[in-house]
Protein chains: 4
Amino acid sequence: MTDTKYIYNKEFSVRDYECDLQGVVNNANYLHYLEHARHEFLISKGISFSGFHEKGIDLIVTRVEIVYKYPLRSHDRFVVRLSLLKEGNVRLVFLQDIFRLPDEKLIVKAKTTSAAVREGKPIRPVEIFEAINNH
Amino acid sequence: MTDTKYIYNKEFSVRDYECDLQGVVNNANYLHYLEHARHEFLISKGISFSGFHEKGIDLIVTRVEIVYKYPLRSHDRFVVRLSLLKEGNVRLVFLQDIFRLPDEKLIVKAKTTSAAVREGKPIRPVEIFEAINNH
Amino acid sequence: MTDTKYIYNKEFSVRDYECDLQGVVNNANYLHYLEHARHEFLISKGISFSGFHEKGIDLIVTRVEIVYKYPLRSHDRFVVRLSLLKEGNVRLVFLQDIFRLPDEKLIVKAKTTSAAVREGKPIRPVEIFEAINNH
Amino acid sequence: MTDTKYIYNKEFSVRDYECDLQGVVNNANYLHYLEHARHEFLISKGISFSGFHEKGIDLIVTRVEIVYKYPLRSHDRFVVRLSLLKEGNVRLVFLQDIFRLPDEKLIVKAKTTSAAVREGKPIRPVEIFEAINNH
């Protein structure tokens with residue numbers, strides 16, 4: 001369904017409160033799933049989003065492109081698969097696709113561009129790049 | 001409809017994303033409405049919840065009792081009415097009732113107990129008590 | 001820590017987006033955790049909250065009492081433990097306690113009263129009572 | 001700041017629960033703001049998102065591109081400005097920009113593509129197109 005080489009997978013189940021009056025997961029909640037999968041990926045590399053915040057470094061999202069292919073519903077299980085590109089010296093681009101389980105139906109394709117800032121100014125996230133390169 | 005002497009009112013409209021698959025506002029979102037009304041009340045007294053956090057003082061909720069009388073739906077307008085009790089030297093108790101507009105139908109009755117802490121320890125929130133007393 | 005006889009446990013991890021500007025899980029999100037644990041418990045008994053909605057029967061929450069003992073933070077794991085009382089012929093009362101893992105620190109104590117309605121009118125949820133009695 | 005011809009504006013204030021542990025509005029919440037502004041725009045044209053759902057027609061979002069320029073914080077006021085393109089016979093594209101108030105600082109630029117479906121199949125949303133054309 002896609003040629004992307006995924007380096008991380010995170011499984012979820014839909015929670016009823018995430019569905020809206022159309023009976024499907026509300027569009028905004030997919031950004032929550034994608035964020036949580038990214039943070040869990042970073043933790044698997046030894047990088048804590050909240051820990052970085054306490055050190056004065058914030059990982060921020062600068063751009064999201066998300067294509068909604070098919071909706072998730074109550075009780076659905078799904079997986080967020082993730083691959084990673086570096087863009088220049090300061091940006092990390094996450095390609096994240098969501099597939100329903102167990103049938104692997106494509107639900108969402110997303111591209112998230114992120115950067116690191118210290119006191120609002122972009123920095124090269126050296127520790128993060130190193131941690132990721134060493135995987 | 002009630003004898004409570006309200007000292008603050010905050011109007012809202014239901015946003016569609018706040019409704020769940022039953023087509024009504026999800027129960028958890030009423031806590032959001034109640035919190036926002038309390039914070040707006042505090043701002044009206046010169047007290048900023050986020051500003052206090054930056055000074056190292058956190059206003060925390062220790063207990064909520066909420067009775068759901070009737071659900072809110074898409075497009076409904078409503079008002080959160082608020083009254084205030086002091087409980088001893090350290091606790092503030094907010095009585096908050098939600099009424100649909102314009103028919104004033106009772107939607108929710110809630111009692112929220114809050115306290116102030118500095119580095120996790122309860123403190124007497126002198127500035128807050130004074131600000132509230134001077135209203 | 002408590003004498004309650006729990007009949008169901010559901011484990012979770014805090015997701016960063018559930019934390020607010022105080023750096024702890026926002027109070028409203030505990031209602032989400034409690035709701036999800038109740039729905040998962042019902043599913044374990046063969047009862048689908050969303051399936052019932054499609055049949056015209058809605059399980060609704062009429063009252064929540066929640067005591068916040070200690071806050072959850074980024075990365076915390078926790079378990080929602082659940083016990084169940086019947087109240088008369090129409091109400092189900094869920095006692096739900098949240099404990100941080102692995103240290104079993106008590107985070108939240110909650111009592112949720114629920115009822116079943118068909119077209120807005122209370123009904124005796126026979127199927128639900130039977131499913132639960134047969135556990 | 002931009003040459004887009006806006007046809008609708010919706011003002012909001014940040015609510016504290018919308019901020020995350022970085023102290024800024026969580027990225028997913030901007031999708032909530034954008035959705036609510038679209039639904040309010042449609043209501044201003046006589047089109048109810050939830051009413052259409054009850055008639056069996058669902059307006060769905062098929063794609064979002066969002067650029068985060070600057071974060072919103074606690075107490076910030078802002079406006080969502082909206083313009084509208086038709087794309088072929090079945091798609092509506094909303095351009096939505098968020099500006100902080102009163103300084104009109106650009107916060108977010110977003111492009112949302114939407115379609116209408118009846119029982120999962122794309123339809124030409126005639127009523128919606130007519131309602132919008134008659135503005």
# chains A, B, ... in the order shown; residues from 1 in each chain; ligands from 1
$ calpha_fit_and_write --fixed "chain D" --moving "chain A" --output "PDB file with C-alpha atoms, in the first residue's frame"
ATOM      1  CA  MET A   1      -0.084  40.324   5.600  1.00  0.00           C
ATOM      2  CA  THR A   2      -2.132  38.399   3.090  1.00  0.00           C
ATOM      3  CA  ASP A   3      -4.221  39.185   0.024  1.00  0.00           C
ATOM      4  CA  THR A   4      -6.887  36.639   0.742  1.00  0.00           C
ATOM      5  CA  LYS A   5     -10.400  38.011   0.508  1.00  0.00           C
ATOM      6  CA  TYR A   6     -12.025  36.826   3.692  1.00  0.00           C
ATOM      7  CA  ILE A   7     -15.786  36.343   3.763  1.00  0.00           C
ATOM      8  CA  TYR A   8     -16.231  35.351   7.393  1.00  0.00           C
ATOM      9  CA  ASN A   9     -14.562  36.053  10.754  1.00  0.00           C
ATOM     10  CA  LYS A  10     -15.039  34.251  14.053  1.00  0.00           C
ATOM     11  CA  GLU A  11     -13.450  35.501  17.273  1.00  0.00           C
ATOM     12  CA  PHE A  12     -12.260  33.247  20.104  1.00  0.00           C
ATOM     13  CA  SER A  13     -10.284  33.409  23.335  1.00  0.00           C
ATOM     14  CA  VAL A  14      -7.811  30.747  24.385  1.00  0.00           C
ATOM     15  CA  ARG A  15      -9.104  28.608  27.252  1.00  0.00           C
ATOM     16  CA  ASP A  16      -6.455  27.412  29.701  1.00  0.00           C
ATOM     17  CA  TYR A  17      -7.349  23.729  29.198  1.00  0.00           C
ATOM     18  CA  GLU A  18      -6.400  24.094  25.530  1.00  0.00           C
ATOM     19  CA  CYS A  19      -2.766  24.761  26.492  1.00  0.00           C
ATOM     20  CA  ASP A  20      -0.378  21.852  26.965  1.00  0.00           C
ATOM     21  CA  LEU A  21       2.704  21.365  29.109  1.00  0.00           C
ATOM     22  CA  GLN A  22       4.696  23.694  26.839  1.00  0.00           C
ATOM     23  CA  GLY A  23       2.342  26.471  28.005  1.00  0.00           C
ATOM     24  CA  VAL A  24       0.972  27.049  24.501  1.00  0.00           C
ATOM     25  CA  VAL A  25      -2.172  25.912  22.710  1.00  0.00           C
ATOM     26  CA  ASN A  26      -1.753  22.275  21.687  1.00  0.00           C
ATOM     27  CA  ASN A  27      -1.469  21.827  17.920  1.00  0.00           C
ATOM     28  CA  ALA A  28      -4.563  19.663  17.649  1.00  0.00           C
ATOM     29  CA  ASN A  29      -6.739  22.370  19.177  1.00  0.00           C
ATOM     30  CA  TYR A  30      -6.205  24.629  16.163  1.00  0.00           C
ATOM     31  CA  LEU A  31      -8.139  22.038  14.144  1.00  0.00           C
ATOM     32  CA  HIS A  32     -10.952  22.443  16.653  1.00  0.00           C
ATOM     33  CA  TYR A  33     -10.896  26.230  16.215  1.00  0.00           C
ATOM     34  CA  LEU A  34     -10.869  25.875  12.414  1.00  0.00           C
ATOM     35  CA  GLU A  35     -13.724  23.351  12.467  1.00  0.00           C
ATOM     36  CA  HIS A  36     -15.831  25.491  14.765  1.00  0.00           C
ATOM     37  CA  ALA A  37     -15.264  28.557  12.568  1.00  0.00           C
ATOM     38  CA  ARG A  38     -16.295  26.575   9.458  1.00  0.00           C
ATOM     39  CA  HIS A  39     -19.438  25.284  11.148  1.00  0.00           C
ATOM     40  CA  GLU A  40     -20.342  28.772  12.350  1.00  0.00           C
ATOM     41  CA  PHE A  41     -19.784  30.076   8.822  1.00  0.00           C
ATOM     42  CA  LEU A  42     -22.088  27.369   7.472  1.00  0.00           C
ATOM     43  CA  ILE A  43     -24.732  28.229  10.076  1.00  0.00           C
ATOM     44  CA  SER A  44     -24.511  31.866   8.956  1.00  0.00           C
ATOM     45  CA  LYS A  45     -25.496  30.523   5.496  1.00  0.00           C
ATOM     46  CA  GLY A  46     -28.366  28.453   6.893  1.00  0.00           C
ATOM     47  CA  ILE A  47     -26.453  25.162   6.819  1.00  0.00           C
ATOM     48  CA  SER A  48     -26.281  23.046   9.965  1.00  0.00           C
ATOM     49  CA  PHE A  49     -23.491  20.470  10.145  1.00  0.00           C
ATOM     50  CA  SER A  50     -25.390  18.416  12.732  1.00  0.00           C
ATOM     51  CA  GLY A  51     -28.706  18.924  10.909  1.00  0.00           C
ATOM     52  CA  PHE A  52     -27.168  17.574   7.675  1.00  0.00           C
ATOM     53  CA  HIS A  53     -25.857  14.575   9.624  1.00  0.00           C
ATOM     54  CA  GLU A  54     -29.412  13.811  10.790  1.00  0.00           C
ATOM     55  CA  LYS A  55     -30.562  13.945   7.141  1.00  0.00           C
ATOM     56  CA  GLY A  56     -27.915  11.334   6.239  1.00  0.00           C
ATOM     57  CA  ILE A  57     -25.482  13.761   4.617  1.00  0.00           C
ATOM     58  CA  ASP A  58     -22.089  14.167   6.206  1.00  0.00           C
ATOM     59  CA  LEU A  59     -19.704  16.975   5.416  1.00  0.00           C
ATOM     60  CA  ILE A  60     -16.275  15.467   5.787  1.00  0.00           C
ATOM     61  CA  VAL A  61     -12.757  16.807   5.736  1.00  0.00           C
ATOM     62  CA  THR A  62     -10.523  15.015   3.266  1.00  0.00           C
ATOM     63  CA  ARG A  63      -7.321  17.014   3.679  1.00  0.00           C
ATOM     64  CA  VAL A  64      -5.779  19.643   5.947  1.00  0.00           C
ATOM     65  CA  GLU A  65      -2.590  21.591   5.415  1.00  0.00           C
ATOM     66  CA  ILE A  66      -1.711  23.721   8.394  1.00  0.00           C
ATOM     67  CA  VAL A  67       1.307  25.952   8.962  1.00  0.00           C
ATOM     68  CA  TYR A  68       2.026  26.965  12.542  1.00  0.00           C
ATOM     69  CA  LYS A  69       3.651  30.420  12.513  1.00  0.00           C
ATOM     70  CA  TYR A  70       3.503  31.480  16.122  1.00  0.00           C
ATOM     71  CA  PRO A  71       1.895  29.948  19.227  1.00  0.00           C
ATOM     72  CA  LEU A  72      -1.163  31.176  21.105  1.00  0.00           C
ATOM     73  CA  ARG A  73      -0.973  31.329  24.908  1.00  0.00           C
ATOM     74  CA  SER A  74      -3.270  31.595  27.915  1.00  0.00           C
ATOM     75  CA  HIS A  75      -5.619  34.625  27.708  1.00  0.00           C
ATOM     76  CA  ASP A  76      -4.836  35.352  24.019  1.00  0.00           C
ATOM     77  CA  ARG A  77      -7.717  36.546  21.921  1.00  0.00           C
ATOM     78  CA  PHE A  78      -7.728  35.623  18.227  1.00  0.00           C
ATOM     79  CA  VAL A  79      -9.822  35.585  15.082  1.00  0.00           C
ATOM     80  CA  VAL A  80     -10.245  32.877  12.460  1.00  0.00           C
ATOM     81  CA  ARG A  81     -10.687  34.488   9.028  1.00  0.00           C
ATOM     82  CA  LEU A  82     -12.128  32.368   6.243  1.00  0.00           C
ATOM     83  CA  SER A  83     -12.307  32.365   2.479  1.00  0.00           C
ATOM     84  CA  LEU A  84     -13.748  29.731   0.201  1.00  0.00           C
ATOM     85  CA  LEU A  85     -12.908  28.071  -3.127  1.00  0.00           C
ATOM     86  CA  LYS A  86     -14.855  25.499  -5.061  1.00  0.00           C
ATOM     87  CA  GLU A  87     -12.758  22.679  -6.487  1.00  0.00           C
ATOM     88  CA  GLY A  88     -14.575  20.916  -9.291  1.00  0.00           C
ATOM     89  CA  ASN A  89     -18.131  19.827  -8.617  1.00  0.00           C
ATOM     90  CA  VAL A  90     -17.787  18.138  -5.288  1.00  0.00           C
ATOM     91  CA  ARG A  91     -15.110  19.748  -3.196  1.00  0.00           C
ATOM     92  CA  LEU A  92     -15.090  22.858  -1.066  1.00  0.00           C
ATOM     93  CA  VAL A  93     -11.748  24.308  -0.063  1.00  0.00           C
ATOM     94  CA  PHE A  94     -11.584  26.583   2.963  1.00  0.00           C
ATOM     95  CA  LEU A  95      -8.622  28.902   3.395  1.00  0.00           C
ATOM     96  CA  GLN A  96      -8.474  29.855   7.048  1.00  0.00           C
ATOM     97  CA  ASP A  97      -5.964  32.113   8.731  1.00  0.00           C
ATOM     98  CA  ILE A  98      -5.727  32.740  12.446  1.00  0.00           C
ATOM     99  CA  PHE A  99      -4.579  36.125  13.726  1.00  0.00           C
ATOM    100  CA  ARG A 100      -3.940  37.104  17.331  1.00  0.00           C
ATOM    101  CA  LEU A 101      -5.904  40.106  18.542  1.00  0.00           C
ATOM    102  CA  PRO A 102      -5.563  42.978  18.776  1.00  0.00           C
ATOM    103  CA  ASP A 103      -2.101  43.001  17.128  1.00  0.00           C
ATOM    104  CA  GLU A 104      -3.118  40.881  14.083  1.00  0.00           C
ATOM    105  CA  LYS A 105      -0.018  38.706  14.388  1.00  0.00           C
ATOM    106  CA  LEU A 106      -0.321  35.744  12.029  1.00  0.00           C
ATOM    107  CA  ILE A 107      -0.611  32.531  14.058  1.00  0.00           C
ATOM    108  CA  VAL A 108      -1.746  29.815  11.651  1.00  0.00           C
ATOM    109  CA  LYS A 109      -2.408  29.421   7.931  1.00  0.00           C
ATOM    110  CA  ALA A 110      -4.612  26.495   6.980  1.00  0.00           C
ATOM    111  CA  LYS A 111      -6.189  24.977   3.899  1.00  0.00           C
ATOM    112  CA  THR A 112      -8.972  22.472   4.466  1.00  0.00           C
ATOM    113  CA  THR A 113     -10.521  20.408   1.691  1.00  0.00           C
ATOM    114  CA  SER A 114     -13.969  19.035   2.369  1.00  0.00           C
ATOM    115  CA  ALA A 115     -16.547  16.947   0.593  1.00  0.00           C
ATOM    116  CA  ALA A 116     -20.070  15.737   1.187  1.00  0.00           C
ATOM    117  CA  VAL A 117     -20.994  12.067   1.424  1.00  0.00           C
ATOM    118  CA  ARG A 118     -24.244  10.170   1.697  1.00  0.00           C
ATOM    119  CA  GLU A 119     -23.794   6.682   3.128  1.00  0.00           C
ATOM    120  CA  GLY A 120     -20.081   6.910   2.493  1.00  0.00           C
ATOM    121  CA  LYS A 121     -20.433   7.918  -1.194  1.00  0.00           C
ATOM    122  CA  PRO A 122     -19.391  11.361  -2.461  1.00  0.00           C
ATOM    123  CA  ILE A 123     -22.277  13.552  -3.561  1.00  0.00           C
ATOM    124  CA  ARG A 124     -22.480  17.009  -5.042  1.00  0.00           C
ATOM    125  CA  PRO A 125     -23.594  19.144  -2.126  1.00  0.00           C
ATOM    126  CA  VAL A 126     -26.092  21.159  -4.155  1.00  0.00           C
ATOM    127  CA  GLU A 127     -27.873  22.793  -1.224  1.00  0.00           C
ATOM    128  CA  ILE A 128     -24.589  23.856   0.272  1.00  0.00           C
ATOM    129  CA  PHE A 129     -23.230  25.256  -2.983  1.00  0.00           C
ATOM    130  CA  GLU A 130     -26.454  27.195  -3.518  1.00  0.00           C
ATOM    131  CA  ALA A 131     -26.558  28.541   0.003  1.00  0.00           C
ATOM    132  CA  ILE A 132     -22.978  29.702  -0.309  1.00  0.00           C
ATOM    133  CA  ASN A 133     -23.437  31.213  -3.771  1.00  0.00           C
ATOM    134  CA  ASN A 134     -26.337  33.270  -2.563  1.00  0.00           C
ATOM    135  CA  HIS A 135     -24.310  35.027   0.063  1.00  0.00           C
TER     136      HIS A 135
END
$ select_by_dssp --residues "chain B" --states "helix (DSSP H, G or I)" --output "count of residues only"
35
$ decode --residues "region 43-64 of chain D" --atoms "N, CA and C atoms" --output "compact mmCIF listing (two decimals), in the first residue's frame"
# COMPACT_ATOMS: atom_id res chain seq x y z
N ILE D 43 -23.47 27.82 9.40
CA ILE D 43 -24.72 28.23 10.05
C ILE D 43 -25.14 29.62 9.59
N SER D 44 -24.16 30.51 9.40
CA SER D 44 -24.49 31.86 8.94
C SER D 44 -25.09 31.84 7.54
N LYS D 45 -24.89 30.72 6.81
CA LYS D 45 -25.49 30.53 5.47
C LYS D 45 -26.73 29.63 5.54
N GLY D 46 -27.15 29.31 6.76
CA GLY D 46 -28.35 28.47 6.90
C GLY D 46 -28.09 26.98 6.82
N ILE D 47 -26.81 26.58 6.94
CA ILE D 47 -26.45 25.17 6.80
C ILE D 47 -25.97 24.64 8.16
N SER D 48 -26.65 23.62 8.66
CA SER D 48 -26.28 23.05 9.95
C SER D 48 -25.55 21.73 9.75
N PHE D 49 -24.31 21.67 10.24
CA PHE D 49 -23.50 20.46 10.15
C PHE D 49 -24.22 19.28 10.81
N SER D 50 -24.75 19.51 12.02
CA SER D 50 -25.41 18.42 12.73
C SER D 50 -26.77 18.12 12.10
N GLY D 51 -27.45 19.16 11.59
CA GLY D 51 -28.73 18.93 10.90
C GLY D 51 -28.52 18.09 9.65
N PHE D 52 -27.48 18.38 8.87
CA PHE D 52 -27.17 17.57 7.67
C PHE D 52 -26.90 16.12 8.07
N HIS D 53 -26.16 15.93 9.18
CA HIS D 53 -25.88 14.57 9.64
C HIS D 53 -27.18 13.81 9.88
N GLU D 54 -28.15 14.49 10.50
CA GLU D 54 -29.43 13.81 10.80
C GLU D 54 -30.19 13.48 9.52
N LYS D 55 -29.94 14.25 8.44
CA LYS D 55 -30.58 13.95 7.15
C LYS D 55 -29.79 12.90 6.36
N GLY D 56 -28.70 12.39 6.93
CA GLY D 56 -27.93 11.34 6.26
C GLY D 56 -26.80 11.86 5.39
N ILE D 57 -26.59 13.17 5.41
CA ILE D 57 -25.49 13.75 4.62
C ILE D 57 -24.40 14.22 5.58
N ASP D 58 -23.19 13.75 5.36
CA ASP D 58 -22.09 14.17 6.21
C ASP D 58 -21.09 15.01 5.43
N LEU D 59 -20.80 16.17 5.97
CA LEU D 59 -19.71 16.98 5.43
C LEU D 59 -18.44 16.45 6.06
N ILE D 60 -17.49 16.03 5.24
CA ILE D 60 -16.27 15.45 5.79
C ILE D 60 -15.06 16.22 5.31
N VAL D 61 -14.03 16.19 6.10
CA VAL D 61 -12.75 16.80 5.74
C VAL D 61 -11.88 15.72 5.12
N THR D 62 -11.34 16.01 3.93
CA THR D 62 -10.51 15.00 3.27
C THR D 62 -9.02 15.34 3.35
N ARG D 63 -8.72 16.60 3.68
CA ARG D 63 -7.31 17.00 3.70
C ARG D 63 -7.15 18.30 4.47
N VAL D 64 -6.11 18.38 5.28
CA VAL D 64 -5.77 19.63 5.96
C VAL D 64 -4.28 19.89 5.79
